[in-house]
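J.: Got a structure for you, target-v2.cif, holding mmCIF, C-alpha atoms.
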```
data_protein
#
loop_
_atom_site.label_atom_id
_atom_site.label_comp_id
_atom_site.auth_asym_id
_atom_site.auth_seq_id
_atom_site.Cartn_x
_atom_site.Cartn_y
_atom_site.Cartn_z
CA MET B 1 0.00 0.00 0.00
CA LYS B 2 2.85 2.39 0.81
CA LYS B 3 4.33 1.81 -2.65
CA ILE B 4 1.04 2.73 -4.35
CA VAL B 5 0.79 5.96 -2.37
CA LEU B 6 4.44 6.77 -3.12
CA PHE B 7 4.00 6.20 -6.88
CA ALA B 8 0.81 8.29 -6.88
CA PHE B 9 2.63 11.09 -5.08
CA ILE B 10 5.58 10.97 -7.49
CA GLY B 11 3.19 10.97 -10.46
CA LEU B 12 1.41 14.01 -9.04
CA ILE B 13 4.71 15.86 -8.67
CA PHE B 14 5.77 15.09 -12.27
CA SER B 15 2.39 15.97 -13.74
CA SER B 16 2.34 19.29 -11.89
CA CYS B 17 5.74 20.24 -13.42
CA LYS B 18 4.39 20.13 -16.97
CA GLN B 19 3.35 23.41 -18.55
CA SER B 20 -0.19 23.74 -19.82
CA ILE B 21 0.33 24.34 -23.55
CA LYS B 22 -2.15 26.52 -25.42
CA GLU B 23 -2.82 26.76 -29.16
CA THR B 24 -1.33 30.26 -29.17
CA ASP B 25 1.97 28.91 -27.75
CA ILE B 26 2.66 26.91 -30.94
CA ALA B 27 3.86 30.04 -32.79
CA LYS B 28 6.70 30.38 -30.24
CA ILE B 29 8.32 27.26 -31.75
CA ASN B 30 9.13 29.13 -34.97
CA GLY B 31 12.77 30.02 -35.39
CA TYR B 32 16.17 28.72 -34.32
CA TRP B 33 16.71 26.37 -31.36
CA GLU B 34 19.96 25.04 -29.93
CA ILE B 35 19.98 21.85 -27.88
CA VAL B 36 21.26 22.30 -24.32
CA LYS B 37 20.79 18.85 -22.83
CA VAL B 38 18.94 15.57 -23.04
CA GLU B 39 17.47 14.19 -19.83
CA LEU B 40 17.30 10.39 -19.70
CA PRO B 41 14.33 8.58 -18.12
CA GLU B 42 16.50 6.98 -15.41
CA GLY B 43 17.66 10.42 -14.26
CA GLY B 44 20.93 10.88 -16.15
CA LYS B 45 21.57 13.65 -18.62
CA LYS B 46 23.81 14.54 -21.54
CA GLU B 47 24.98 18.15 -21.77
CA TYR B 48 25.73 19.88 -25.08
CA ASN B 49 28.26 22.69 -24.67
CA VAL B 50 29.06 23.20 -28.35
CA ASN B 51 26.64 22.46 -31.18
CA PRO B 52 27.73 22.17 -34.80
CA THR B 53 24.06 22.30 -35.87
CA ILE B 54 20.95 24.17 -34.77
CA ASP B 55 17.32 23.23 -35.43
CA PHE B 56 15.18 25.67 -37.42
CA PHE B 57 11.38 25.30 -37.14
CA GLU B 58 8.78 26.91 -39.37
CA ILE B 59 5.14 26.23 -38.52
CA LYS B 60 2.08 27.87 -40.10
CA GLU B 61 -1.43 26.66 -39.33
CA ASN B 62 0.04 23.65 -37.46
CA LYS B 63 2.07 22.44 -40.47
CA GLY B 64 5.62 23.13 -41.52
CA PHE B 65 9.15 21.76 -41.29
CA ARG B 66 12.25 21.34 -39.12
CA GLN B 67 15.67 21.71 -40.69
CA LYS B 68 19.23 21.38 -39.38
CA VAL B 69 21.37 24.43 -40.03
CA MET B 70 25.05 25.09 -39.35
CA PRO B 71 26.03 28.48 -37.89
CA GLN B 72 28.89 30.21 -39.68
CA LEU B 73 31.44 32.72 -38.38
CA ASN B 74 29.78 35.52 -40.39
CA GLY B 75 26.49 35.06 -38.48
CA LYS B 76 24.69 33.27 -41.33
CA TYR B 77 23.59 29.63 -41.53
CA LEU B 78 24.43 26.87 -44.00
CA THR B 79 21.94 24.14 -44.77
CA ASN B 80 21.77 21.05 -46.95
CA ASP B 81 18.08 21.66 -47.77
CA VAL B 82 16.98 18.39 -46.07
CA ARG B 83 13.70 19.09 -44.26
CA GLU B 84 11.58 17.03 -41.91
CA GLU B 85 7.91 17.70 -42.58
CA ILE B 86 6.05 18.39 -39.33
CA SER B 87 2.54 18.89 -38.09
CA VAL B 88 1.33 19.87 -34.63
CA THR B 89 -1.62 18.00 -33.13
CA ASN B 90 -3.61 18.25 -29.93
CA GLU B 91 -4.31 14.83 -28.41
CA GLU B 92 -6.51 15.01 -25.31
CA GLY B 93 -5.05 18.36 -24.29
CA ASP B 94 -1.41 17.46 -24.98
CA TYR B 95 0.37 18.95 -28.00
CA TYR B 96 2.68 16.88 -30.18
CA ILE B 97 5.03 17.60 -33.06
CA ASN B 98 4.65 14.83 -35.66
CA TYR B 99 7.66 14.34 -37.94
CA THR B 100 7.67 12.70 -41.37
CA THR B 101 10.69 11.90 -43.53
CA GLN B 102 11.33 9.36 -46.27
CA TYR B 103 12.92 7.20 -43.53
CA GLY B 104 10.17 7.20 -40.95
CA LYS B 105 7.56 8.88 -38.77
CA TRP B 106 7.71 9.79 -35.08
CA LYS B 107 6.34 12.33 -32.65
CA GLU B 108 7.49 14.34 -29.66
CA GLU B 109 5.32 15.83 -26.94
CA ILE B 110 5.69 19.54 -26.26
CA ILE B 111 6.40 19.68 -22.52
CA GLU B 112 7.30 23.36 -22.27
CA ILE B 113 7.41 26.29 -24.68
CA GLN B 114 8.41 29.82 -23.78
CA ASP B 115 10.07 32.61 -25.74
CA SER B 116 13.54 31.17 -25.04
CA ILE B 117 12.87 27.61 -23.77
CA LEU B 118 11.60 24.54 -25.60
CA VAL B 119 11.31 21.06 -24.06
CA LEU B 120 10.22 18.06 -26.15
CA LYS B 121 9.80 14.43 -25.05
CA ASN B 122 9.83 11.36 -27.31
CA LYS B 123 8.26 7.92 -26.82
CA GLU B 124 11.47 6.65 -25.17
CA GLU B 125 10.90 9.31 -22.45
CA LEU B 126 13.99 11.28 -23.51
CA GLU B 127 13.52 14.99 -22.82
CA TYR B 128 15.24 17.37 -25.23
CA HIS B 129 15.90 20.82 -23.74
CA TYR B 130 16.51 23.69 -26.18
CA LYS B 131 17.31 27.39 -25.90
CA ARG B 132 17.41 30.19 -28.43
CA PRO B 133 20.97 30.50 -29.78
CA LEU B 134 22.81 33.75 -29.26
CA PRO B 135 23.76 35.45 -32.53
CA PHE B 136 27.46 35.84 -33.17
CA SER B 137 29.84 36.74 -35.94
CA VAL B 138 33.53 37.23 -36.45
CA LYS B 139 34.10 39.95 -39.04
#
```
Now, as a test, write the supplied structure out as C-alpha cells.

T.:
Amino acid sequence: MKKIVLFAFIGLIFSSCKQSIKETDIAKINGYWEIVKVELPEGGKKEYNVNPTIDFFEIKENKGFRQKVMPQLNGKYLTNDVREEISVTNEEGDYYINYTTQYGKWKEEIIEIQDSILVLKNKEELEYHYKRPLPFSVK
C-alpha cells in the first residue's frame, strides 16, 4: 500500500511540473533552437556545450518543417536543404510535433514552450531541452 501511495505522489509531482500548452503557444516554436541537454528517463543527462548544428522550425497553421542548419562565423547559416515535414496536433489536451521523412515517422510531446525555452519528449521518455541561440559573428 505504501508503494502505491508513493507512486501516486511521485506521479502528481511530475504531472504538476508540466506546462499547460495553449494553441497560441505553438507560434513560439518558430525560429532557431539550440539543444542544451537531453534528460534520460532513469535520471541521467547529456549536456551539449558546443553544437555544430541548430534546429530551425517553421510552422504555419500547425504544419511546416524542421531543418538542421550550421552556424557560420559571419552570423549566417548553411543548410543542406533536407527538411523534416512536421505537423502539430492536440491529443486530449497534450500537444505533439509529428515528424515525417522518407525514412520514418515519429512524434514528440511539447512539454514546455516559452520565448527562449523549448522542451520536447519522445516515446522513449527522452527529454530534449533547447534554448534560443545567441547570434554571433567574427568579421

J.: Going by the chain IDs and residue numbers used in this file, which residues fall under the PyMOL selection byres ((chain B and resi 110) around 9)? Write them as number ranges by chain.

T.: B: 19, 21, 94-97, 108-109, 111-113, 118-121

J.: B:Phe57: which residues within 10 Å, counting all atoms listed in the file, same-chain residues fewer than 6 positions away excluded, as a PDB file with C-alpha atoms, keeping the file's coordinate frame?

T.:
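Produced file out.pdb, reproduced below:
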```pdb
ATOM      1  CA  ALA B  27       3.860  30.040 -32.790  1.00  0.00           C
ATOM      2  CA  LYS B  28       6.700  30.380 -30.240  1.00  0.00           C
ATOM      3  CA  ILE B  29       8.320  27.260 -31.750  1.00  0.00           C
ATOM      4  CA  ASN B  30       9.130  29.130 -34.970  1.00  0.00           C
ATOM      5  CA  GLY B  31      12.770  30.020 -35.390  1.00  0.00           C
ATOM      6  CA  TYR B  32      16.170  28.720 -34.320  1.00  0.00           C
ATOM      7  CA  TRP B  33      16.710  26.370 -31.360  1.00  0.00           C
ATOM      8  CA  GLY B  64       5.620  23.130 -41.520  1.00  0.00           C
ATOM      9  CA  PHE B  65       9.150  21.760 -41.290  1.00  0.00           C
ATOM     10  CA  ARG B  66      12.250  21.340 -39.120  1.00  0.00           C
ATOM     11  CA  GLN B  67      15.670  21.710 -40.690  1.00  0.00           C
ATOM     12  CA  LYS B  68      19.230  21.380 -39.380  1.00  0.00           C
ATOM     13  CA  ARG B  83      13.700  19.090 -44.260  1.00  0.00           C
ATOM     14  CA  GLU B  84      11.580  17.030 -41.910  1.00  0.00           C
ATOM     15  CA  GLU B  85       7.910  17.700 -42.580  1.00  0.00           C
ATOM     16  CA  ILE B  86       6.050  18.390 -39.330  1.00  0.00           C
TER      17      ILE B  86
END
```

J.: So how far away is atom CA of B:Glu58 from atom CA of B:Ser87, in Å?

T.: 10.2 Å

J.: Would you compute an axis-aligned box for stretch 118-121 of chain B, covering every atom listed for it in the file with 3 Å of margin on each side, and report centre and edge lengths in Å to one decimal as JSON?

T.:
```
{"center_x": 10.7, "center_y": 19.5, "center_z": -25.1, "size_x": 7.8, "size_y": 16.1, "size_z": 8.1}
```

J.: Using all atoms listed in the file, which of B:Leu40, B:Ile117, B:Leu126, B:Ile26 sits nearest B:Glu61?

T.: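 Among the listed residues, the smallest separation from B:Glu61 belongs to B:Ile26.
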
J.: Grab the atom CA of B:Asp55 to atom CA of B:Asp115 distance for me, in Å with one decimal place.

T.: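 Here the two named atoms are 15.3 Å from each other.
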
J.: Take the PyMOL selection byres ((chain B and resi 79) around 8), apply it to the structure above, and return the hits as an mmCIF file with C-alpha atoms, keeping the file's coordinate frame.

T.:
```cif
data_model
loop_
_atom_site.group_PDB
_atom_site.id
_atom_site.type_symbol
_atom_site.label_atom_id
_atom_site.label_comp_id
_atom_site.auth_asym_id
_atom_site.auth_seq_id
_atom_site.Cartn_x
_atom_site.Cartn_y
_atom_site.Cartn_z
ATOM 1 C CA GLN B 67 15.670 21.710 -40.690
ATOM 2 C CA LYS B 68 19.230 21.380 -39.380
ATOM 3 C CA VAL B 69 21.370 24.430 -40.030
ATOM 4 C CA MET B 70 25.050 25.090 -39.350
ATOM 5 C CA TYR B 77 23.590 29.630 -41.530
ATOM 6 C CA LEU B 78 24.430 26.870 -44.000
ATOM 7 C CA ASN B 80 21.770 21.050 -46.950
ATOM 8 C CA ASP B 81 18.080 21.660 -47.770
ATOM 9 C CA VAL B 82 16.980 18.390 -46.070
#
```

J.: Rounded to one decimal, what separation in Å do you get between atom CA of B:Tyr99 and atom CA of B:Pro52?

T.: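 Interatomic distance here is 21.8 Å.
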
J.: Quick one: of B:Lys63, B:Lys37, B:Glu91, B:Val50, who's nearest to B:Tyr128, counting all atoms listed in the file?

T.: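 Once distances to B:Tyr128 are computed over all atoms listed in the file, the minimum belongs to B:Lys37.
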
J.: So, counting all atoms listed in the file, which residue among B:Glu125, B:Ser20, B:Thr53, B:Lys107 is closest to B:Ile35?

T.: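 The answer is B:Thr53, which sits nearest to B:Ile35.
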
J.: Please provide as a PyMOL selection string all residues within 10 Å of B:Pro135, with the sequence filter that same-chain residues fewer than 6 positions apart are discarded (counting only C-alpha atoms).

T.: chain B and resi 71+74-76

J.: Under the PyMOL selection byres ((chain B and resi 36) around 8), which residues of this model are included? Write them out as an MDAnalysis selection string.

T.: chainID B and resid 34:35 37:38 47:49 128:131

J.: Name the closest residue to B:Pro133 among the candidates B:Asn98, B:Thr24, B:Asn51, B:Gln114; distances are taken between atoms, counting only C-alpha atoms.

T.: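 Ranking B:Asn98, B:Thr24, B:Asn51, B:Gln114 by distance to B:Pro133, first place goes to B:Asn51.
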
J.: So, counting only C-alpha atoms, which residue among B:Leu134, B:Lys45, B:Lys60, B:Thr100 is closest to B:Ser116?

T.: B:Leu134
